[in-house]
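Participant: Below: one structure in structure tokens.
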Protein chains: 2
Amino acid sequence: MNAPIRIAIFGYGNLGRGVELALRQNPDMALTAFFTRRDPASLKTLSPGVPVYHADDLAAHAGEIDVLILCGGSARVLPVQSPECARLFNIVDSFDTHARIPEHFESCDAAAKEGGKVALISAGWDPGMFSLQRLLGNCVLPDGQDYTFWGRGVSQGHSDAIRRIEGVLDAKQYTIPVPAALESVRAGENPQLTTRQKHTRECWVVPAPGADLKRIEQEIVTMPNYFADYDTTVHFITMEELRRDHSGIPHGGFVMRSGVTGENGETRQMIEYSLKLGSNPEFTASVLVCCARAVARMAREGATGCKTIFDVPPAYFSPKSGAELRKALL
Amino acid sequence: MNAPIRIAIFGYGNLGRGVELALRQNPDMALTAFFTRRDPASLKTLSPGVPVYHADDLAAHAGEIDVLILCGGSARVLPVQSPECARLFNIVDSFDTHARIPEHFESCDAAAKEGGKVALISAGWDPGMFSLQRLLGNCVLPDGQDYTFWGRGVSQGHSDAIRRIEGVLDAKQYTIPVPAALESVRAGENPQLTTRQKHTRECWVVPAPGADLKRIEQEIVTMPNYFADYDTTVHFITMEELRRDHSGIPHGGFVMRSGVTGENGETRQMIEYSLKLGSNPEFTASVLVCCARAVARMAREGATGCKTIFDVPPAYFSPKSGAELRKALL
């Protein structure tokens, strides 16, 4: 039995806690430390035996950690933290601002090469498993069309946007694929779908006492970028109902590749991948953890620089040997 | 623009023809030659400009071919042909006898290493894309259960078994997943399913004039290994009906991973991958072709020995650069 892969978690929100739990399902890895930008004494983890250090002390622990999993947000934290950490550690992050992935890749690549480390970025399910399915679909069926649908699931950004409206105490927003659009794609009709035709938005809103519900609803459904281009329904509920019925963070979605083969494109071929996730952060965390295993192996083999899920031989995600995998799963 | 990857096809049945057609969708590759064990003059390909050589002349053309795609059968042809060819060529095959993959891997690995070549075996959809999904599901959700369903699709082996019955002129057999079983898995019920509960078998049979239909039906539904463990329905039709309604070779299926995460396994997570293939051999061929691209790249990088889809960084299946893939698909 090899020594376990030593993992540290940087950032302890929903995602960091998800990684902590996912590591318990992977006995070839050992949770070695937490790092936080808060007061370490304030962190209540589920792993009382594992030390919590301040982010300022990262460098002092570089020799004790094989892979550092970054669990901060993509908007402000990761663009700075990932390249900084990649100079000292092999890292995995879940950077998910699709449009900025190329620049994030470049900054992490330079830093990781400087430090002789491996940085695997944009792991999770989208980007991540969904990206991998899009890539495979495009390679196997070059003559075809891609479709990605999200949901049913909670969009944190849209929920936050509702909470910023005057008179709103709390809110949860679900993104929902339009069933007719899914069916049209499945039927091989290759539809051109507008934003409105692909997804609807469902809002559960707790209003402040005496708030003007009509105005809140209008502000939501007409909000540019977030809701104006969608069919949006708004439900007002009590705080108790919100807590009872909408406390989870489910998500998921569909990646489809509709293609043709044959002498004149006469043969229809359809690939569909879907996720139904009881917890978005716990699933994302599970992906981060198996990516950390791959990073540890690539680093042992002498690789350096930035990687994505596109660059990892799938066997590297597994603790099993090639022979075991071929026998059991091929 | 790089020089195209020079591909040759060995074996010209449904699969070889599928590869020939798939190459037309991949302009970074060029079909350079066919090889056959039949009389080359007897081969009517769809590519009149491409030479057809006899299998005995393979060695003479080794310098002209980057990857040889083997399109023979798994029962008798590939166990001999793949290692023989892997001494002289980089190869891809679709060896699909799951239980014998480990020994096929070993013989191809020894031969490819001897010849300094790369041999990618067991490409296609099962083994192949389905295997990859099983592997990913196991890595991301280590606490879970695997389900693979096949169909609705034509099983060549079962169709052949019916054709061997006395009084049968021709037949086509469809394997069909049981909808209730699929739904139970999707609902996260983690059912233990018997053979009978997973798939049904539907047979379309053309009887000889005056044949005893009752006996034929009995022989089918009680046939050990093939039908006895399944709920099987038998329909008798005319040769014209068989040709009109059952001439295609559709197939497909489902790979599901039903897992849990969380502090006490309280969170359900579900991954589902499905294929609906208008043509089984054309889709398999499309997978072989993008695997040939990956083999060419691995060979250029100096790799040798036997590989499977588990060993290929997914970006290698694509003709696009890493930067293009990250921008467009991640």
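Residue numbers start at 1 in each chain; chains themselves are named A, B, ... in the order of the structure tokens; ligands are numbered from 1 in the order shown.
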Give me, as a PDB file with N, CA, C and O atoms, in the first residue's frame, the residues of chain B touching chain A, with the criterion being at most 7 Å (counting only C-alpha atoms).

Facilitator:
```
ATOM      1  N   LEU B  21     -16.258   6.032 -44.348  1.00  0.00           N
ATOM      2  CA  LEU B  21     -17.149   7.195 -44.364  1.00  0.00           C
ATOM      3  C   LEU B  21     -16.782   8.202 -43.275  1.00  0.00           C
ATOM      4  O   LEU B  21     -16.802   9.416 -43.500  1.00  0.00           O
ATOM      5  N   ALA B  22     -16.428   7.715 -42.098  1.00  0.00           N
ATOM      6  CA  ALA B  22     -16.086   8.626 -40.996  1.00  0.00           C
ATOM      7  C   ALA B  22     -14.860   9.468 -41.342  1.00  0.00           C
ATOM      8  O   ALA B  22     -14.769  10.641 -40.956  1.00  0.00           O
ATOM      9  N   GLN B  25     -15.349  12.849 -42.740  1.00  0.00           N
ATOM     10  CA  GLN B  25     -15.764  13.932 -41.830  1.00  0.00           C
ATOM     11  C   GLN B  25     -14.576  14.497 -41.059  1.00  0.00           C
ATOM     12  O   GLN B  25     -14.765  15.386 -40.219  1.00  0.00           O
ATOM     13  N   PRO B 102      -8.101  -8.609 -20.970  1.00  0.00           N
ATOM     14  CA  PRO B 102      -6.768  -8.635 -20.348  1.00  0.00           C
ATOM     15  C   PRO B 102      -5.728  -9.402 -21.172  1.00  0.00           C
ATOM     16  O   PRO B 102      -4.607  -8.921 -21.370  1.00  0.00           O
ATOM     17  N   PRO B 127     -16.990  -2.235 -25.537  1.00  0.00           N
ATOM     18  CA  PRO B 127     -16.120  -1.332 -24.775  1.00  0.00           C
ATOM     19  C   PRO B 127     -15.796  -0.057 -25.560  1.00  0.00           C
ATOM     20  O   PRO B 127     -15.823  -0.057 -26.775  1.00  0.00           O
ATOM     21  N   SER B 131     -17.286   2.357 -21.432  1.00  0.00           N
ATOM     22  CA  SER B 131     -16.264   2.044 -20.431  1.00  0.00           C
ATOM     23  C   SER B 131     -15.763   3.321 -19.772  1.00  0.00           C
ATOM     24  O   SER B 131     -15.567   3.379 -18.548  1.00  0.00           O
ATOM     25  N   ARG B 134     -18.227   4.501 -17.327  1.00  0.00           N
ATOM     26  CA  ARG B 134     -18.192   3.694 -16.101  1.00  0.00           C
ATOM     27  C   ARG B 134     -17.009   4.113 -15.229  1.00  0.00           C
ATOM     28  O   ARG B 134     -17.141   4.268 -14.013  1.00  0.00           O
ATOM     29  N   LEU B 135     -15.850   4.304 -15.862  1.00  0.00           N
ATOM     30  CA  LEU B 135     -14.657   4.706 -15.112  1.00  0.00           C
ATOM     31  C   LEU B 135     -14.875   6.065 -14.435  1.00  0.00           C
ATOM     32  O   LEU B 135     -14.615   6.226 -13.233  1.00  0.00           O
ATOM     33  N   CYS B 139     -14.989   6.971 -10.380  1.00  0.00           N
ATOM     34  CA  CYS B 139     -13.996   7.866  -9.769  1.00  0.00           C
ATOM     35  C   CYS B 139     -14.674   9.028  -9.047  1.00  0.00           C
ATOM     36  O   CYS B 139     -14.266   9.417  -7.955  1.00  0.00           O
ATOM     37  N   VAL B 140     -15.707   9.585  -9.674  1.00  0.00           N
ATOM     38  CA  VAL B 140     -16.355  10.767  -9.099  1.00  0.00           C
ATOM     39  C   VAL B 140     -17.260  10.374  -7.932  1.00  0.00           C
ATOM     40  O   VAL B 140     -17.359  11.103  -6.948  1.00  0.00           O
ATOM     41  N   LEU B 141     -17.928   9.236  -8.060  1.00  0.00           N
ATOM     42  CA  LEU B 141     -18.836   8.779  -7.001  1.00  0.00           C
ATOM     43  C   LEU B 141     -18.395   7.398  -6.516  1.00  0.00           C
ATOM     44  O   LEU B 141     -19.001   6.378  -6.868  1.00  0.00           O
ATOM     45  N   PRO B 142     -17.328   7.341  -5.699  1.00  0.00           N
ATOM     46  CA  PRO B 142     -16.822   6.028  -5.279  1.00  0.00           C
ATOM     47  C   PRO B 142     -17.844   5.236  -4.468  1.00  0.00           C
ATOM     48  O   PRO B 142     -17.787   4.006  -4.468  1.00  0.00           O
ATOM     49  N   ASP B 143     -18.757   5.916  -3.803  1.00  0.00           N
ATOM     50  CA  ASP B 143     -19.789   5.209  -3.041  1.00  0.00           C
ATOM     51  C   ASP B 143     -21.052   5.156  -3.897  1.00  0.00           C
ATOM     52  O   ASP B 143     -21.893   6.067  -3.847  1.00  0.00           O
ATOM     53  N   THR B 261     -23.239  11.133  -1.570  1.00  0.00           N
ATOM     54  CA  THR B 261     -22.199  11.933  -0.933  1.00  0.00           C
ATOM     55  C   THR B 261     -22.778  12.462   0.381  1.00  0.00           C
ATOM     56  O   THR B 261     -23.911  12.150   0.733  1.00  0.00           O
ATOM     57  N   GLY B 262     -21.968  13.265   1.079  1.00  0.00           N
ATOM     58  CA  GLY B 262     -22.458  13.879   2.311  1.00  0.00           C
ATOM     59  C   GLY B 262     -21.884  13.228   3.549  1.00  0.00           C
ATOM     60  O   GLY B 262     -21.080  12.301   3.470  1.00  0.00           O
ATOM     61  N   GLU B 263     -22.313  13.742   4.695  1.00  0.00           N
ATOM     62  CA  GLU B 263     -21.724  13.287   5.946  1.00  0.00           C
ATOM     63  C   GLU B 263     -22.090  11.835   6.239  1.00  0.00           C
ATOM     64  O   GLU B 263     -21.277  11.075   6.761  1.00  0.00           O
ATOM     65  N   THR B 267     -26.939  12.439   0.557  1.00  0.00           N
ATOM     66  CA  THR B 267     -27.167  13.185  -0.682  1.00  0.00           C
ATOM     67  C   THR B 267     -27.086  12.254  -1.880  1.00  0.00           C
ATOM     68  O   THR B 267     -26.084  11.577  -2.079  1.00  0.00           O
ATOM     69  N   ARG B 268     -28.143  12.237  -2.683  1.00  0.00           N
ATOM     70  CA  ARG B 268     -28.150  11.390  -3.871  1.00  0.00           C
ATOM     71  C   ARG B 268     -27.581  12.132  -5.071  1.00  0.00           C
ATOM     72  O   ARG B 268     -27.940  13.277  -5.326  1.00  0.00           O
ATOM     73  N   GLN B 269     -26.728  11.445  -5.823  1.00  0.00           N
ATOM     74  CA  GLN B 269     -26.135  12.017  -7.032  1.00  0.00           C
ATOM     75  C   GLN B 269     -26.293  10.984  -8.147  1.00  0.00           C
ATOM     76  O   GLN B 269     -26.013   9.797  -7.942  1.00  0.00           O
ATOM     77  N   MET B 270     -26.732  11.436  -9.313  1.00  0.00           N
ATOM     78  CA  MET B 270     -27.012  10.505 -10.412  1.00  0.00           C
ATOM     79  C   MET B 270     -26.364  10.986 -11.706  1.00  0.00           C
ATOM     80  O   MET B 270     -26.540  12.135 -12.099  1.00  0.00           O
ATOM     81  N   ILE B 271     -25.603  10.085 -12.318  1.00  0.00           N
ATOM     82  CA  ILE B 271     -24.988  10.362 -13.617  1.00  0.00           C
ATOM     83  C   ILE B 271     -25.601   9.397 -14.628  1.00  0.00           C
ATOM     84  O   ILE B 271     -25.694   8.201 -14.361  1.00  0.00           O
ATOM     85  N   GLU B 272     -26.038   9.923 -15.753  1.00  0.00           N
ATOM     86  CA  GLU B 272     -26.607   9.050 -16.788  1.00  0.00           C
ATOM     87  C   GLU B 272     -26.044   9.430 -18.150  1.00  0.00           C
ATOM     88  O   GLU B 272     -26.027  10.597 -18.524  1.00  0.00           O
ATOM     89  N   TYR B 273     -25.570   8.418 -18.868  1.00  0.00           N
ATOM     90  CA  TYR B 273     -25.033   8.614 -20.218  1.00  0.00           C
ATOM     91  C   TYR B 273     -25.819   7.708 -21.139  1.00  0.00           C
ATOM     92  O   TYR B 273     -26.046   6.546 -20.810  1.00  0.00           O
ATOM     93  N   SER B 274     -26.268   8.228 -22.265  1.00  0.00           N
ATOM     94  CA  SER B 274     -26.999   7.350 -23.174  1.00  0.00           C
ATOM     95  C   SER B 274     -26.635   7.618 -24.621  1.00  0.00           C
ATOM     96  O   SER B 274     -26.242   8.728 -24.992  1.00  0.00           O
ATOM     97  N   LEU B 275     -26.736   6.568 -25.405  1.00  0.00           N
ATOM     98  CA  LEU B 275     -26.496   6.638 -26.850  1.00  0.00           C
ATOM     99  C   LEU B 275     -27.737   6.135 -27.573  1.00  0.00           C
ATOM    100  O   LEU B 275     -28.319   5.130 -27.169  1.00  0.00           O
ATOM    101  N   LYS B 276     -28.137   6.870 -28.611  1.00  0.00           N
ATOM    102  CA  LYS B 276     -29.187   6.385 -29.518  1.00  0.00           C
ATOM    103  C   LYS B 276     -28.591   6.421 -30.910  1.00  0.00           C
ATOM    104  O   LYS B 276     -28.450   7.479 -31.516  1.00  0.00           O
ATOM    105  N   LEU B 277     -28.217   5.237 -31.386  1.00  0.00           N
ATOM    106  CA  LEU B 277     -27.395   5.143 -32.589  1.00  0.00           C
ATOM    107  C   LEU B 277     -28.209   4.629 -33.760  1.00  0.00           C
ATOM    108  O   LEU B 277     -28.730   3.514 -33.715  1.00  0.00           O
ATOM    109  N   GLY B 278     -28.292   5.434 -34.792  1.00  0.00           N
ATOM    110  CA  GLY B 278     -28.958   4.993 -36.012  1.00  0.00           C
ATOM    111  C   GLY B 278     -28.213   3.846 -36.666  1.00  0.00           C
ATOM    112  O   GLY B 278     -28.817   2.986 -37.306  1.00  0.00           O
ATOM    113  N   SER B 279     -26.909   3.820 -36.504  1.00  0.00           N
ATOM    114  CA  SER B 279     -26.086   2.722 -37.031  1.00  0.00           C
ATOM    115  C   SER B 279     -24.968   2.415 -36.059  1.00  0.00           C
ATOM    116  O   SER B 279     -24.093   3.253 -35.818  1.00  0.00           O
ATOM    117  N   GLU B 282     -21.442   2.392 -37.882  1.00  0.00           N
ATOM    118  CA  GLU B 282     -20.970   3.736 -38.243  1.00  0.00           C
ATOM    119  C   GLU B 282     -20.528   4.519 -37.014  1.00  0.00           C
ATOM    120  O   GLU B 282     -19.560   5.281 -37.061  1.00  0.00           O
ATOM    121  N   SER B 286     -16.747   5.802 -36.076  1.00  0.00           N
ATOM    122  CA  SER B 286     -16.422   7.193 -35.736  1.00  0.00           C
ATOM    123  C   SER B 286     -15.517   7.258 -34.505  1.00  0.00           C
ATOM    124  O   SER B 286     -14.629   8.107 -34.422  1.00  0.00           O
ATOM    125  N   VAL B 287     -15.766   6.353 -33.546  1.00  0.00           N
ATOM    126  CA  VAL B 287     -14.894   6.299 -32.373  1.00  0.00           C
ATOM    127  C   VAL B 287     -13.499   5.813 -32.778  1.00  0.00           C
ATOM    128  O   VAL B 287     -12.479   6.380 -32.361  1.00  0.00           O
ATOM    129  N   CYS B 290     -11.446   8.740 -34.308  1.00  0.00           N
ATOM    130  CA  CYS B 290     -10.831   9.739 -33.418  1.00  0.00           C
ATOM    131  C   CYS B 290      -9.795   9.078 -32.503  1.00  0.00           C
ATOM    132  O   CYS B 290      -8.835   9.733 -32.077  1.00  0.00           O
ATOM    133  N   PHE B 310      -8.853   4.425 -21.618  1.00  0.00           N
ATOM    134  CA  PHE B 310      -8.564   4.925 -20.267  1.00  0.00           C
ATOM    135  C   PHE B 310      -7.232   5.682 -20.209  1.00  0.00           C
ATOM    136  O   PHE B 310      -6.984   6.420 -19.251  1.00  0.00           O
ATOM    137  N   ASP B 311      -6.370   5.460 -21.203  1.00  0.00           N
ATOM    138  CA  ASP B 311      -5.008   6.009 -21.158  1.00  0.00           C
ATOM    139  C   ASP B 311      -4.823   7.264 -22.006  1.00  0.00           C
ATOM    140  O   ASP B 311      -3.728   7.823 -22.034  1.00  0.00           O
ATOM    141  N   VAL B 312      -5.879   7.692 -22.681  1.00  0.00           N
ATOM    142  CA  VAL B 312      -5.739   8.780 -23.655  1.00  0.00           C
ATOM    143  C   VAL B 312      -6.217  10.110 -23.061  1.00  0.00           C
ATOM    144  O   VAL B 312      -7.387  10.223 -22.681  1.00  0.00           O
ATOM    145  N   PRO B 313      -5.335  11.124 -23.007  1.00  0.00           N
ATOM    146  CA  PRO B 313      -5.824  12.450 -22.624  1.00  0.00           C
ATOM    147  C   PRO B 313      -6.880  12.877 -23.647  1.00  0.00           C
ATOM    148  O   PRO B 313      -6.611  12.863 -24.857  1.00  0.00           O
ATOM    149  N   PRO B 314      -8.106  13.215 -23.197  1.00  0.00           N
ATOM    150  CA  PRO B 314      -9.200  13.442 -24.154  1.00  0.00           C
ATOM    151  C   PRO B 314      -8.880  14.455 -25.257  1.00  0.00           C
ATOM    152  O   PRO B 314      -9.369  14.316 -26.379  1.00  0.00           O
ATOM    153  N   ALA B 315      -8.042  15.439 -24.974  1.00  0.00           N
ATOM    154  CA  ALA B 315      -7.699  16.419 -26.014  1.00  0.00           C
ATOM    155  C   ALA B 315      -7.059  15.756 -27.228  1.00  0.00           C
ATOM    156  O   ALA B 315      -7.131  16.289 -28.338  1.00  0.00           O
ATOM    157  N   PHE B 317      -8.044  13.247 -28.790  1.00  0.00           N
ATOM    158  CA  PHE B 317      -9.048  12.797 -29.763  1.00  0.00           C
ATOM    159  C   PHE B 317      -9.403  13.897 -30.766  1.00  0.00           C
ATOM    160  O   PHE B 317     -10.049  13.637 -31.775  1.00  0.00           O
ATOM    161  N   SER B 318      -9.021  15.127 -30.466  1.00  0.00           N
ATOM    162  CA  SER B 318      -9.464  16.282 -31.255  1.00  0.00           C
ATOM    163  C   SER B 318      -8.364  16.791 -32.171  1.00  0.00           C
ATOM    164  O   SER B 318      -7.183  16.760 -31.820  1.00  0.00           O
ATOM    165  N   ARG B 326      -9.973  24.796 -24.949  1.00  0.00           N
ATOM    166  CA  ARG B 326     -10.325  25.468 -23.686  1.00  0.00           C
ATOM    167  C   ARG B 326     -11.283  26.610 -23.930  1.00  0.00           C
ATOM    168  O   ARG B 326     -12.229  26.821 -23.174  1.00  0.00           O
ATOM    169  N   LYS B 327     -11.052  27.350 -25.008  1.00  0.00           N
ATOM    170  CA  LYS B 327     -11.891  28.515 -25.303  1.00  0.00           C
ATOM    171  C   LYS B 327     -13.306  28.085 -25.714  1.00  0.00           C
ATOM    172  O   LYS B 327     -14.296  28.660 -25.279  1.00  0.00           O
ATOM    173  N   LEU B 329     -14.850  24.794 -25.624  1.00  0.00           N
ATOM    174  CA  LEU B 329     -15.593  23.652 -25.071  1.00  0.00           C
ATOM    175  C   LEU B 329     -15.489  23.496 -23.557  1.00  0.00           C
ATOM    176  O   LEU B 329     -16.290  22.794 -22.951  1.00  0.00           O
ATOM    177  N   LEU B 330     -14.464  24.115 -22.929  1.00  0.00           N
ATOM    178  CA  LEU B 330     -14.322  23.933 -21.482  1.00  0.00           C
ATOM    179  C   LEU B 330     -15.435  24.683 -20.755  1.00  0.00           C
ATOM    180  O   LEU B 330     -16.084  24.139 -19.894  1.00  0.00           O
TER     181      LEU B 330
END
```

Participant: With a distance cut-off of 8 Å and only C-alpha atoms, select the neighbouring residues of Val50 (chain A), excluding the residue or stretch itself and same-chain residues fewer than 5 positions from it, and output the selection as a PyMOL selection string.

Facilitator: chain A and resi 31-34

Participant: Write to file, as a PDB file, in the first residue's frame, the residues of the selection just made, with C-alpha atoms.

Facilitator:
```
ATOM      1  CA  LEU A  31      -6.766  15.295   4.739  1.00  0.00           C
ATOM      2  CA  THR A  32      -3.689  16.974   6.173  1.00  0.00           C
ATOM      3  CA  ALA A  33      -4.657  20.588   6.832  1.00  0.00           C
ATOM      4  CA  PHE A  34      -7.141  23.390   6.303  1.00  0.00           C
TER       5      PHE A  34
END
```

Participant: Go through region 73-301 of chain A and collect every residue that DSSP, computed from the backbone, puts in alpha helix (DSSP H); the answer should be as number ranges by chain.

Facilitator: A: 78-86, 101-115, 129-140, 156-163, 179-186, 195-198, 213-221, 239-245, 280-300

Participant: Quick one: residues within 12 Å of Val154 (chain B), only C-alpha atoms counted, chain neighbours fewer than 3 positions away excluded, as an mmCIF file with N, CA, C and O atoms, in the first residue's frame?

Facilitator:
```
data_model
loop_
_atom_site.group_PDB
_atom_site.id
_atom_site.type_symbol
_atom_site.label_atom_id
_atom_site.label_comp_id
_atom_site.auth_asym_id
_atom_site.auth_seq_id
_atom_site.Cartn_x
_atom_site.Cartn_y
_atom_site.Cartn_z
ATOM 1 N N TRP B 150 -28.368 -2.133 -22.452
ATOM 2 C CA TRP B 150 -28.137 -2.036 -23.894
ATOM 3 C C TRP B 150 -29.466 -2.005 -24.630
ATOM 4 O O TRP B 150 -30.419 -2.676 -24.251
ATOM 5 N N GLY B 151 -29.485 -1.249 -25.713
ATOM 6 C CA GLY B 151 -30.648 -1.208 -26.596
ATOM 7 C C GLY B 151 -31.388 0.105 -26.484
ATOM 8 O O GLY B 151 -30.956 0.983 -25.751
ATOM 9 N N GLY B 157 -25.239 -11.422 -32.607
ATOM 10 C CA GLY B 157 -25.076 -12.789 -32.119
ATOM 11 C C GLY B 157 -26.413 -13.488 -31.914
ATOM 12 O O GLY B 157 -26.573 -14.667 -32.260
ATOM 13 N N HIS B 158 -27.389 -12.770 -31.354
ATOM 14 C CA HIS B 158 -28.699 -13.369 -31.120
ATOM 15 C C HIS B 158 -29.457 -13.565 -32.425
ATOM 16 O O HIS B 158 -30.184 -14.542 -32.591
ATOM 17 N N SER B 159 -29.302 -12.653 -33.362
ATOM 18 C CA SER B 159 -29.933 -12.833 -34.678
ATOM 19 C C SER B 159 -29.370 -14.071 -35.355
ATOM 20 O O SER B 159 -30.113 -14.889 -35.917
ATOM 21 N N ASP B 160 -28.060 -14.234 -35.279
ATOM 22 C CA ASP B 160 -27.419 -15.413 -35.879
ATOM 23 C C ASP B 160 -27.928 -16.703 -35.239
ATOM 24 O O ASP B 160 -28.167 -17.703 -35.932
ATOM 25 N N ALA B 171 -33.657 -13.624 -39.721
ATOM 26 C CA ALA B 171 -34.188 -13.126 -38.456
ATOM 27 C C ALA B 171 -33.393 -11.918 -37.979
ATOM 28 O O ALA B 171 -32.221 -11.742 -38.340
ATOM 29 N N LYS B 172 -34.054 -11.120 -37.178
ATOM 30 C CA LYS B 172 -33.398 -9.962 -36.561
ATOM 31 C C LYS B 172 -33.852 -9.909 -35.102
ATOM 32 O O LYS B 172 -35.054 -10.012 -34.837
ATOM 33 N N GLN B 173 -32.916 -9.748 -34.193
ATOM 34 C CA GLN B 173 -33.254 -9.725 -32.777
ATOM 35 C C GLN B 173 -32.908 -8.375 -32.164
ATOM 36 O O GLN B 173 -31.791 -7.899 -32.340
ATOM 37 N N TYR B 174 -33.863 -7.785 -31.446
ATOM 38 C CA TYR B 174 -33.618 -6.533 -30.751
ATOM 39 C C TYR B 174 -33.533 -6.764 -29.239
ATOM 40 O O TYR B 174 -34.372 -7.457 -28.664
ATOM 41 N N THR B 175 -32.524 -6.173 -28.640
ATOM 42 C CA THR B 175 -32.385 -6.150 -27.184
ATOM 43 C C THR B 175 -33.006 -4.840 -26.705
ATOM 44 O O THR B 175 -32.711 -3.780 -27.272
ATOM 45 N N ILE B 176 -33.842 -4.918 -25.672
ATOM 46 C CA ILE B 176 -34.592 -3.739 -25.230
ATOM 47 C C ILE B 176 -34.494 -3.603 -23.717
ATOM 48 O O ILE B 176 -34.819 -4.540 -22.992
ATOM 49 N N ARG B 201 -36.197 -9.344 -25.017
ATOM 50 C CA ARG B 201 -35.690 -9.639 -26.369
ATOM 51 C C ARG B 201 -36.861 -9.799 -27.322
ATOM 52 O O ARG B 201 -37.827 -10.491 -27.015
ATOM 53 N N GLU B 202 -36.729 -9.132 -28.467
ATOM 54 C CA GLU B 202 -37.807 -9.103 -29.454
ATOM 55 C C GLU B 202 -37.248 -9.682 -30.751
ATOM 56 O O GLU B 202 -36.219 -9.211 -31.228
ATOM 57 N N CYS B 203 -37.947 -10.687 -31.294
ATOM 58 C CA CYS B 203 -37.405 -11.396 -32.453
ATOM 59 C C CYS B 203 -38.353 -11.267 -33.643
ATOM 60 O O CYS B 203 -39.555 -11.496 -33.495
ATOM 61 N N TRP B 204 -37.808 -10.941 -34.783
ATOM 62 C CA TRP B 204 -38.562 -10.849 -36.034
ATOM 63 C C TRP B 204 -38.018 -11.932 -36.949
ATOM 64 O O TRP B 204 -36.856 -11.892 -37.344
ATOM 65 N N HIS B 246 -36.642 -3.843 -41.047
ATOM 66 C CA HIS B 246 -35.586 -4.256 -40.116
ATOM 67 C C HIS B 246 -34.221 -4.352 -40.789
ATOM 68 O O HIS B 246 -33.408 -5.205 -40.435
ATOM 69 N N SER B 247 -33.976 -3.503 -41.767
ATOM 70 C CA SER B 247 -32.688 -3.587 -42.470
ATOM 71 C C SER B 247 -31.591 -2.798 -41.762
ATOM 72 O O SER B 247 -30.409 -3.008 -42.020
ATOM 73 N N GLY B 248 -31.941 -1.897 -40.872
ATOM 74 C CA GLY B 248 -30.935 -1.072 -40.193
ATOM 75 C C GLY B 248 -30.195 -1.845 -39.106
ATOM 76 O O GLY B 248 -30.538 -2.984 -38.786
ATOM 77 N N ILE B 249 -29.136 -1.213 -38.589
ATOM 78 C CA ILE B 249 -28.380 -1.818 -37.489
ATOM 79 C C ILE B 249 -28.305 -0.798 -36.350
ATOM 80 O O ILE B 249 -27.217 -0.359 -35.963
ATOM 81 N N PRO B 250 -29.480 -0.386 -35.831
ATOM 82 C CA PRO B 250 -29.466 0.588 -34.737
ATOM 83 C C PRO B 250 -28.999 -0.065 -33.445
ATOM 84 O O PRO B 250 -29.073 -1.292 -33.298
ATOM 85 N N HIS B 251 -28.498 0.739 -32.539
ATOM 86 C CA HIS B 251 -28.207 0.234 -31.200
ATOM 87 C C HIS B 251 -28.076 1.415 -30.246
ATOM 88 O O HIS B 251 -28.399 2.549 -30.611
ATOM 89 N N GLY B 252 -27.584 1.142 -29.071
ATOM 90 C CA GLY B 252 -27.449 2.203 -28.078
ATOM 91 C C GLY B 252 -27.538 1.618 -26.694
ATOM 92 O O GLY B 252 -27.343 0.414 -26.498
ATOM 93 N N GLY B 253 -27.831 2.481 -25.736
ATOM 94 C CA GLY B 253 -27.939 2.004 -24.367
ATOM 95 C C GLY B 253 -27.664 3.101 -23.368
ATOM 96 O O GLY B 253 -27.586 4.286 -23.725
ATOM 97 N N LEU B 277 -28.217 5.237 -31.386
ATOM 98 C CA LEU B 277 -27.395 5.143 -32.589
ATOM 99 C C LEU B 277 -28.209 4.629 -33.760
ATOM 100 O O LEU B 277 -28.730 3.514 -33.715
ATOM 101 N N GLY B 278 -28.292 5.434 -34.792
ATOM 102 C CA GLY B 278 -28.958 4.993 -36.012
ATOM 103 C C GLY B 278 -28.213 3.846 -36.666
ATOM 104 O O GLY B 278 -28.817 2.986 -37.306
ATOM 105 N N SER B 279 -26.909 3.820 -36.504
ATOM 106 C CA SER B 279 -26.086 2.722 -37.031
ATOM 107 C C SER B 279 -24.968 2.415 -36.059
ATOM 108 O O SER B 279 -24.093 3.253 -35.818
ATOM 109 N N ASN B 280 -25.016 1.212 -35.526
ATOM 110 C CA ASN B 280 -23.987 0.730 -34.609
ATOM 111 C C ASN B 280 -22.602 0.739 -35.275
ATOM 112 O O ASN B 280 -21.668 1.362 -34.750
ATOM 113 N N PRO B 281 -22.427 0.124 -36.456
ATOM 114 C CA PRO B 281 -21.066 0.114 -37.034
ATOM 115 C C PRO B 281 -20.571 1.510 -37.419
ATOM 116 O O PRO B 281 -19.368 1.786 -37.290
#
```

Participant: In region 185-280 of chain B, what's strand (DSSP E or B) per DSSP? Answer as an NGL selection string?

Facilitator: :B and (199-207 or 231-236 or 249 or 251-261 or 267-277 or 279)

Participant: Select, from A:Ala62, A:Glu301, A:Leu68, A:Gly16, the residue with the minimum atom-to-atom distance to Lys44 (chain A), counting only C-alpha atoms.

Facilitator: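 Looking only at the distances to Lys44 (chain A), the closest residue turns out to be A:Gly16.
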
Participant: Tell me, in Å to one decimal, how far CA of Arg152 (chain B) is from CA of Val205 (chain B).

Facilitator: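 One can read the CA of Arg152 (chain B) to CA of Val205 (chain B) distance as 17.4 Å.
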
Participant: For CA of Ala59 (chain B) and CA of Ala86 (chain B), determine how far apart the two atoms are, in Å to one decimal place.

Facilitator: 11.2 Å
